[in-house]
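Visitor: Quick one: this structure, given as structure tokens, is what I'll be asking you about.
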Amino acid sequence: MEATRLTATHDALSPRLRKIKDRLLLTRPTVCLERARFYTDAYRRFEAKPLIIRRALALQQTLEQATIFIDDGELIVGNQATRLKAAPIFPEYAVAFLVEELDSFDHRPGDAFFLSPEDKQEIREVCSWWAGKTVHERGLELMSEELRAMYDSGLIRAEANLTCGDGHIAVDFPRLLADGLGGYRKRVREASERLDATDWADLRKSTFHQSVEIALQAVGTFIRRFAALAQEMAASETDAARQTELALIADNCLRIAQDPPESFHQALQLVYFIQLVLQIESNGHSVSLGRLDQYLLPFYRADLRRGLLSEAQAEELLGCLWLKLLGINKIRPWSHTRYTAGSPLYQNVTIGGRTPEGVDAVNELTYAVLHSVGSLSLPQPNLSVRYHRDVD
């Protein structure tokens with residue numbers, strides 16, 4: 001009955017979602033060089049520091065200085081690059097394919113990227129500094145002669161494993177939503193206070209804690225930058241409805257930059273920011289959102305009960321999230337791209353299944369997710385439905 005009721009409503013996309021979708025699908029993919037600039041600069045300046053600290057400082061510089069924007073009509077905010085559908089460069093992972101394929105990116109039969117001559121020249125300069133320092137090259141050096149021969153033959157290619165970052169992971173979103181970013185920073189400080197400076201293992205942990213603290217602080221700053229931008233845009237907005245939306249976005253971002261979310265909208269926004277930062281930092285794919293219909297359900301029900309949210313508004317917010325996921329882009333070597341056409345990032349959302357107690361976990365948010373994904377007909381997110389014998 002629940003499925004029938006939800007399917008019978010909101011058959012057409014809202015004007016907001018249709019406008020954002022059209023804008024996204026009609027935008028030509030390009031390449032963004034900002035991240036590569038920040039990471040190259042940070043790795044140069046902090047070359048003497050431990051690698052994990054360098055990575056944290058490079059992320060900090062990127063999140064604090066990268067260009068940010070809020071597009072017309074967006075309710076979920078946050079951008080990976082300077083322009084819509086622009087793919088960042090991750091030079092610390094691989095540069096050889098960039099140099100080899102630079103003049104052919106815009107001639108690909110699929111997943112093409114369009115670059116200016118100036119961009120190409122800057123990419124060559126960045127790549128020249130990273131030559132010999134990348135994950136790809138270190139991975140090749142670790143191969144035995146037999147493994148390298150197999151790799152070079154093309155029969156077995158581990159291109160994605162050698163040119164990409166972490167993947168096939170899901171954040172502990174329930175804990176994140178309960179504790180907030182401030183709760184994680186508190187945990188880091190408390191763990192650091194328990195370390196023994198005379199213990200070698202604890203000294204290594206101390207370096208890790210420093211890197212986590214830097215990263216968490218940078219994420220908070222990144223979110224507050226969007227709050228400030230939304231406030232600035234609201235001050236000059238002439239449309240009263242959009243002005244109200246921008247003010248709400250600012251309030252949401254100010255809240256979740258430190259504290260746990262209090263509403264469904266805030267919880268969705270925090271989930272997206274963490275998903276976005278993971279993509280900015282690690283160049284991974286299959287970075288997934290987990291059982292979203294379970295950990296967001298308390299926020300959804302509470303807002304419905306208080307009259308702060310309607311089912312239609314919730315579906316529109318979910319649609320805004322899916323469109324933001326589609327906007328995250330990635331440039332891969334052609335040897336990898338030709339087997340994974342369509343720029344997939346495999347950002348998976350799981351719904352349904354059972355609770356830890358074995359009870360059917362399908363709920364009203366399950367149907368809202370299912371319907372919103374189906375209505376938009378996008379390649380992101382990947383949607384997995386957990387089925388069991390007691391599913392209606």
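To be explicit about the labels: the chains of the structure tokens are called A, B, and onward in the order shown, and within each one the residues are counted from 1, while ligands get numbers from 1 in the order they are shown.
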Using only C-alpha atoms, determine which residues lie at most 7 Å from Ile89 in chain A, disregarding the query and same-chain residues fewer than 4 positions distant; provide the list as a list in words.
Guide: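 Final neighbour list, sorted by chain and number: Cys32, Leu33, Arg35 and Ala36 of chain A.
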Visitor: Env of Arg124 in chain A: 10 Å cut, atoms = only C-alpha atoms, seq-sep filter 6 positions within chain, self excluded. Answer as number ranges by chain.
Guide: A: 95, 98-99, 102
Visitor: Neighbouring residues of range 24-29 of chain A were defined as those with any atom within 9 Å, considering only C-alpha atoms; residues of the same chain fewer than 4 positions away were excluded. Please report them as a VMD selection string.
Guide: chain A and resid 19 to 20 84 to 87 111 to 114 323 326 to 327 329
Visitor: Find the residues of range 29-98 of chain A that sit at most 8 Å from range 273-282 of chain A; for each, write down the nearest two atoms and how far apart they are in Å, to one decimal. Count only C-alpha atoms. Sort by chain, then by number going up, and give it as a Markdown table.
Guide:
```
| residue | atom | partner | partner_atom | distance |
| --- | --- | --- | --- | --- |
| A:Leu59 | CA | A:Glu281 | CA | 6.3 |
| A:Gly78 | CA | A:Phe273 | CA | 6.6 |
| A:Asn79 | CA | A:Leu276 | CA | 7.6 |
| A:Gln80 | CA | A:Ile280 | CA | 6.3 |
| A:Pro88 | CA | A:Ile280 | CA | 8.0 |
```
Visitor: Could you write out the selected residues, including N, CA and C atoms, as a JSON list (two decimals), in the first residue's frame?
Guide:
```json
[["chain", "number", "residue", "atom", "x", "y", "z"],
["A", 59, "LEU", "N", 45.26, 18.86, 1.59],
["A", 59, "LEU", "CA", 43.80, 18.90, 1.63],
["A", 59, "LEU", "C", 43.33, 20.20, 2.26],
["A", 78, "GLY", "N", 27.94, 22.47, -2.50],
["A", 78, "GLY", "CA", 29.28, 21.90, -2.41],
["A", 78, "GLY", "C", 29.78, 21.53, -3.78],
["A", 79, "ASN", "N", 30.97, 21.99, -4.16],
["A", 79, "ASN", "CA", 31.50, 21.68, -5.48],
["A", 79, "ASN", "C", 32.90, 21.10, -5.39],
["A", 80, "GLN", "N", 33.18, 20.19, -6.32],
["A", 80, "GLN", "CA", 34.46, 19.48, -6.37],
["A", 80, "GLN", "C", 35.50, 20.27, -7.16],
["A", 88, "PRO", "N", 38.91, 17.21, -11.50],
["A", 88, "PRO", "CA", 40.19, 17.63, -10.94],
["A", 88, "PRO", "C", 41.32, 16.70, -11.40]]
```
Visitor: Near Gly183 in chain A, counting only C-alpha atoms, which residues have an atom at most 9 Å away, once you skip same-chain residues fewer than 5 positions from it, shown as a list in words?
Guide: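 Close residues of Gly183 in chain A: Leu176, Ala178, Val188, Gln258, Asp259 and Pro260 of chain A.
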Visitor: Using all heavy atoms, can you write the selected residues to a file as a PDB file, in the first residue's frame?
Guide:
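Generated file (part-v1.pdb):
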```
ATOM      1  N   LEU A 176      28.669   9.764  12.522  1.00  0.00           N
ATOM      2  CA  LEU A 176      28.918  11.142  12.106  1.00  0.00           C
ATOM      3  C   LEU A 176      27.715  12.022  12.416  1.00  0.00           C
ATOM      4  O   LEU A 176      27.859  13.134  12.935  1.00  0.00           O
ATOM      5  CB  LEU A 176      29.227  11.194  10.604  1.00  0.00           C
ATOM      6  CG  LEU A 176      29.354  12.591  10.004  1.00  0.00           C
ATOM      7  CD1 LEU A 176      30.618  13.272  10.484  1.00  0.00           C
ATOM      8  CD2 LEU A 176      29.322  12.534   8.485  1.00  0.00           C
ATOM      9  N   ALA A 178      25.408  11.520  14.599  1.00  0.00           N
ATOM     10  CA  ALA A 178      25.181  11.600  16.042  1.00  0.00           C
ATOM     11  C   ALA A 178      26.184  12.516  16.731  1.00  0.00           C
ATOM     12  O   ALA A 178      25.830  13.285  17.636  1.00  0.00           O
ATOM     13  CB  ALA A 178      25.248  10.206  16.659  1.00  0.00           C
ATOM     14  N   VAL A 188      39.659  12.971  18.821  1.00  0.00           N
ATOM     15  CA  VAL A 188      41.078  13.062  18.456  1.00  0.00           C
ATOM     16  C   VAL A 188      41.875  13.692  19.587  1.00  0.00           C
ATOM     17  O   VAL A 188      42.952  13.205  19.960  1.00  0.00           O
ATOM     18  CB  VAL A 188      41.253  13.873  17.151  1.00  0.00           C
ATOM     19  CG1 VAL A 188      42.736  14.123  16.877  1.00  0.00           C
ATOM     20  CG2 VAL A 188      40.626  13.146  15.978  1.00  0.00           C
ATOM     21  N   GLN A 258      30.244  22.239  12.776  1.00  0.00           N
ATOM     22  CA  GLN A 258      30.774  21.846  14.076  1.00  0.00           C
ATOM     23  C   GLN A 258      29.859  20.855  14.796  1.00  0.00           C
ATOM     24  O   GLN A 258      30.310  19.847  15.345  1.00  0.00           O
ATOM     25  CB  GLN A 258      30.954  23.092  14.956  1.00  0.00           C
ATOM     26  CG  GLN A 258      31.305  22.828  16.410  1.00  0.00           C
ATOM     27  CD  GLN A 258      32.716  22.304  16.615  1.00  0.00           C
ATOM     28  OE1 GLN A 258      33.548  22.390  15.718  1.00  0.00           O
ATOM     29  NE2 GLN A 258      32.988  21.759  17.787  1.00  0.00           N
ATOM     30  N   ASP A 259      28.568  21.113  14.769  1.00  0.00           N
ATOM     31  CA  ASP A 259      27.629  20.362  15.595  1.00  0.00           C
ATOM     32  C   ASP A 259      26.837  19.324  14.796  1.00  0.00           C
ATOM     33  O   ASP A 259      26.740  19.411  13.571  1.00  0.00           O
ATOM     34  CB  ASP A 259      26.655  21.339  16.262  1.00  0.00           C
ATOM     35  CG  ASP A 259      27.368  22.332  17.163  1.00  0.00           C
ATOM     36  OD1 ASP A 259      28.257  21.892  17.921  1.00  0.00           O
ATOM     37  OD2 ASP A 259      27.052  23.537  17.099  1.00  0.00           O
ATOM     38  N   PRO A 260      26.234  18.354  15.475  1.00  0.00           N
ATOM     39  CA  PRO A 260      25.422  17.358  14.788  1.00  0.00           C
ATOM     40  C   PRO A 260      24.208  18.006  14.123  1.00  0.00           C
ATOM     41  O   PRO A 260      23.683  19.004  14.622  1.00  0.00           O
ATOM     42  CB  PRO A 260      24.980  16.416  15.920  1.00  0.00           C
ATOM     43  CG  PRO A 260      25.938  16.659  17.035  1.00  0.00           C
ATOM     44  CD  PRO A 260      26.344  18.087  16.919  1.00  0.00           C
TER      45      PRO A 260
END
```
Visitor: Taking only range 49-85 of chain A into account, list the residues labelled helix (DSSP H, G or I) by DSSP (computed from the backbone), as a ChimeraX atom specification.
Guide: /A:51-65
Visitor: For the residues in that selection, give me N, CA, C and O atoms as a PDB file, in the first residue's frame.
Guide:
```pdb
ATOM      1  N   LEU A  51      54.614  11.963   5.266  1.00  0.00           N
ATOM      2  CA  LEU A  51      53.669  11.933   4.142  1.00  0.00           C
ATOM      3  C   LEU A  51      52.236  12.179   4.593  1.00  0.00           C
ATOM      4  O   LEU A  51      51.479  12.914   3.947  1.00  0.00           O
ATOM      5  N   ILE A  52      51.833  11.588   5.697  1.00  0.00           N
ATOM      6  CA  ILE A  52      50.449  11.724   6.136  1.00  0.00           C
ATOM      7  C   ILE A  52      50.125  13.178   6.511  1.00  0.00           C
ATOM      8  O   ILE A  52      49.007  13.652   6.308  1.00  0.00           O
ATOM      9  N   ILE A  53      51.123  13.899   7.032  1.00  0.00           N
ATOM     10  CA  ILE A  53      50.938  15.318   7.339  1.00  0.00           C
ATOM     11  C   ILE A  53      50.884  16.126   6.057  1.00  0.00           C
ATOM     12  O   ILE A  53      50.076  17.057   5.911  1.00  0.00           O
ATOM     13  N   ARG A  54      51.736  15.788   5.106  1.00  0.00           N
ATOM     14  CA  ARG A  54      51.695  16.479   3.804  1.00  0.00           C
ATOM     15  C   ARG A  54      50.335  16.343   3.150  1.00  0.00           C
ATOM     16  O   ARG A  54      49.790  17.295   2.591  1.00  0.00           O
ATOM     17  N   ARG A  55      49.785  15.130   3.192  1.00  0.00           N
ATOM     18  CA  ARG A  55      48.463  14.906   2.592  1.00  0.00           C
ATOM     19  C   ARG A  55      47.402  15.770   3.280  1.00  0.00           C
ATOM     20  O   ARG A  55      46.543  16.362   2.625  1.00  0.00           O
ATOM     21  N   ALA A  56      47.469  15.840   4.605  1.00  0.00           N
ATOM     22  CA  ALA A  56      46.496  16.638   5.347  1.00  0.00           C
ATOM     23  C   ALA A  56      46.634  18.122   5.033  1.00  0.00           C
ATOM     24  O   ALA A  56      45.636  18.834   4.848  1.00  0.00           O
ATOM     25  N   LEU A  57      47.865  18.598   4.967  1.00  0.00           N
ATOM     26  CA  LEU A  57      48.100  20.010   4.673  1.00  0.00           C
ATOM     27  C   LEU A  57      47.685  20.366   3.250  1.00  0.00           C
ATOM     28  O   LEU A  57      47.181  21.465   2.992  1.00  0.00           O
ATOM     29  N   ALA A  58      47.890  19.439   2.317  1.00  0.00           N
ATOM     30  CA  ALA A  58      47.459  19.673   0.934  1.00  0.00           C
ATOM     31  C   ALA A  58      45.939  19.743   0.857  1.00  0.00           C
ATOM     32  O   ALA A  58      45.370  20.589   0.149  1.00  0.00           O
ATOM     33  N   LEU A  59      45.263  18.858   1.591  1.00  0.00           N
ATOM     34  CA  LEU A  59      43.805  18.900   1.628  1.00  0.00           C
ATOM     35  C   LEU A  59      43.332  20.201   2.261  1.00  0.00           C
ATOM     36  O   LEU A  59      42.383  20.838   1.778  1.00  0.00           O
ATOM     37  N   GLN A  60      44.001  20.602   3.343  1.00  0.00           N
ATOM     38  CA  GLN A  60      43.636  21.845   4.017  1.00  0.00           C
ATOM     39  C   GLN A  60      43.740  23.036   3.067  1.00  0.00           C
ATOM     40  O   GLN A  60      42.817  23.860   2.986  1.00  0.00           O
ATOM     41  N   GLN A  61      44.833  23.131   2.345  1.00  0.00           N
ATOM     42  CA  GLN A  61      45.023  24.245   1.421  1.00  0.00           C
ATOM     43  C   GLN A  61      43.924  24.240   0.352  1.00  0.00           C
ATOM     44  O   GLN A  61      43.390  25.290  -0.018  1.00  0.00           O
ATOM     45  N   THR A  62      43.576  23.058  -0.126  1.00  0.00           N
ATOM     46  CA  THR A  62      42.549  22.946  -1.161  1.00  0.00           C
ATOM     47  C   THR A  62      41.191  23.386  -0.632  1.00  0.00           C
ATOM     48  O   THR A  62      40.493  24.192  -1.269  1.00  0.00           O
ATOM     49  N   LEU A  63      40.797  22.877   0.526  1.00  0.00           N
ATOM     50  CA  LEU A  63      39.470  23.191   1.058  1.00  0.00           C
ATOM     51  C   LEU A  63      39.355  24.645   1.497  1.00  0.00           C
ATOM     52  O   LEU A  63      38.260  25.220   1.466  1.00  0.00           O
ATOM     53  N   GLU A  64      40.466  25.245   1.897  1.00  0.00           N
ATOM     54  CA  GLU A  64      40.424  26.628   2.365  1.00  0.00           C
ATOM     55  C   GLU A  64      40.524  27.644   1.236  1.00  0.00           C
ATOM     56  O   GLU A  64      40.086  28.782   1.387  1.00  0.00           O
ATOM     57  N   GLN A  65      41.088  27.236   0.066  1.00  0.00           N
ATOM     58  CA  GLN A  65      41.342  28.217  -0.988  1.00  0.00           C
ATOM     59  C   GLN A  65      40.634  27.931  -2.305  1.00  0.00           C
ATOM     60  O   GLN A  65      40.554  28.808  -3.175  1.00  0.00           O
TER      61      GLN A  65
END
```
Visitor: Find the distance between CA of Arg224 in chain A and CA of Cys253 in chain A and write it in Å to one decimal.
Guide: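 Taking CA of Arg224 in chain A and CA of Cys253 in chain A, their separation equals 6.1 Å.
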Visitor: Can you list every residue in range 199-367 of chain A that DSSP puts in strand (DSSP E or B), as a ChimeraX atom specification?
Guide: /A:287-288,290,348-352,354,360
Visitor: Go ahead and dump the residues you just picked, C-alpha atoms, as a PDB file, in the first residue's frame.
Guide:
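result16.pdb, written as the output of this step:
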```pdb
ATOM      1  CA  VAL A 287      32.911   5.540  -2.142  1.00  0.00           C
ATOM      2  CA  SER A 288      29.388   4.814  -0.991  1.00  0.00           C
ATOM      3  CA  GLY A 290      25.633   3.013   2.842  1.00  0.00           C
ATOM      4  CA  ASN A 348      26.242   3.300  -4.043  1.00  0.00           C
ATOM      5  CA  VAL A 349      23.152   3.810  -1.905  1.00  0.00           C
ATOM      6  CA  THR A 350      21.603   0.790  -0.181  1.00  0.00           C
ATOM      7  CA  ILE A 351      17.973   0.555   0.891  1.00  0.00           C
ATOM      8  CA  GLY A 352      15.763  -2.131   2.407  1.00  0.00           C
ATOM      9  CA  ARG A 354      16.653  -6.100   7.748  1.00  0.00           C
ATOM     10  CA  ASP A 360      12.123  -5.917   7.941  1.00  0.00           C
TER      11      ASP A 360
END
```
Visitor: What's around range 232-248 of chain A at 12 Å? Count only C-alpha atoms, leave out sequence neighbours fewer than 3 positions away in its own chain, and write the answer as a list in words.
Guide: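 After dropping sequence-adjacent residues, the list is Arg16, Phe69, Ile70, Asp71, Asp72, Gly73, Glu74, Leu75, Ile76, Val77, Arg225, Phe226, Ala227, Ala228, Leu229, Asp251, Asn252, Cys253, Leu254, Arg255, Ser263, His265, Gln266 and Gln269 of chain A.
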Visitor: Near Ala96 in chain A, within 10 Å and counting only C-alpha atoms, which residues show up once chain neighbours fewer than 3 positions away are dropped, as JSON, numbers by chain?
Guide: {"A": [91, 93, 99, 100, 101, 102, 127, 128, 130, 131, 132, 134, 136, 137, 163, 333]}
Visitor: Distance CA of Thr67 in chain A-CA of Trp322 in chain A, one decimal place?
Guide: 21.9 Å
Visitor: Can you list, as a VMD selection string, every protein, DNA or RNA residue that comes within 10 Å of Ala361 in chain A when you count only C-alpha atoms, leaving out same-chain residues fewer than 3 positions away?
Guide: chain A and resid 293 to 294 351 to 358 364 366 386 390 to 391
Visitor: From the set A:Tyr295, A:Phe222, A:Phe208, A:Tyr367, which residue has the shortest atom-to-atom contact distance to Pro50 in chain A, counting only C-alpha atoms?
Guide: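 Between A:Tyr295, A:Phe222, A:Phe208, A:Tyr367, the residue approaching Pro50 in chain A most closely is A:Phe208.
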Visitor: Which distance in Å separates CA of Glu213 in chain A and CA of Arg185 in chain A, to one decimal?
Guide: 6.4 Å
Visitor: Which one is closest to His107 in chain A: A:Asn382, A:Ala197, A:Val171, A:Trp334? Count only C-alpha atoms.
Guide: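 Counting only C-alpha atoms, the residue closest to His107 in chain A is A:Trp334.
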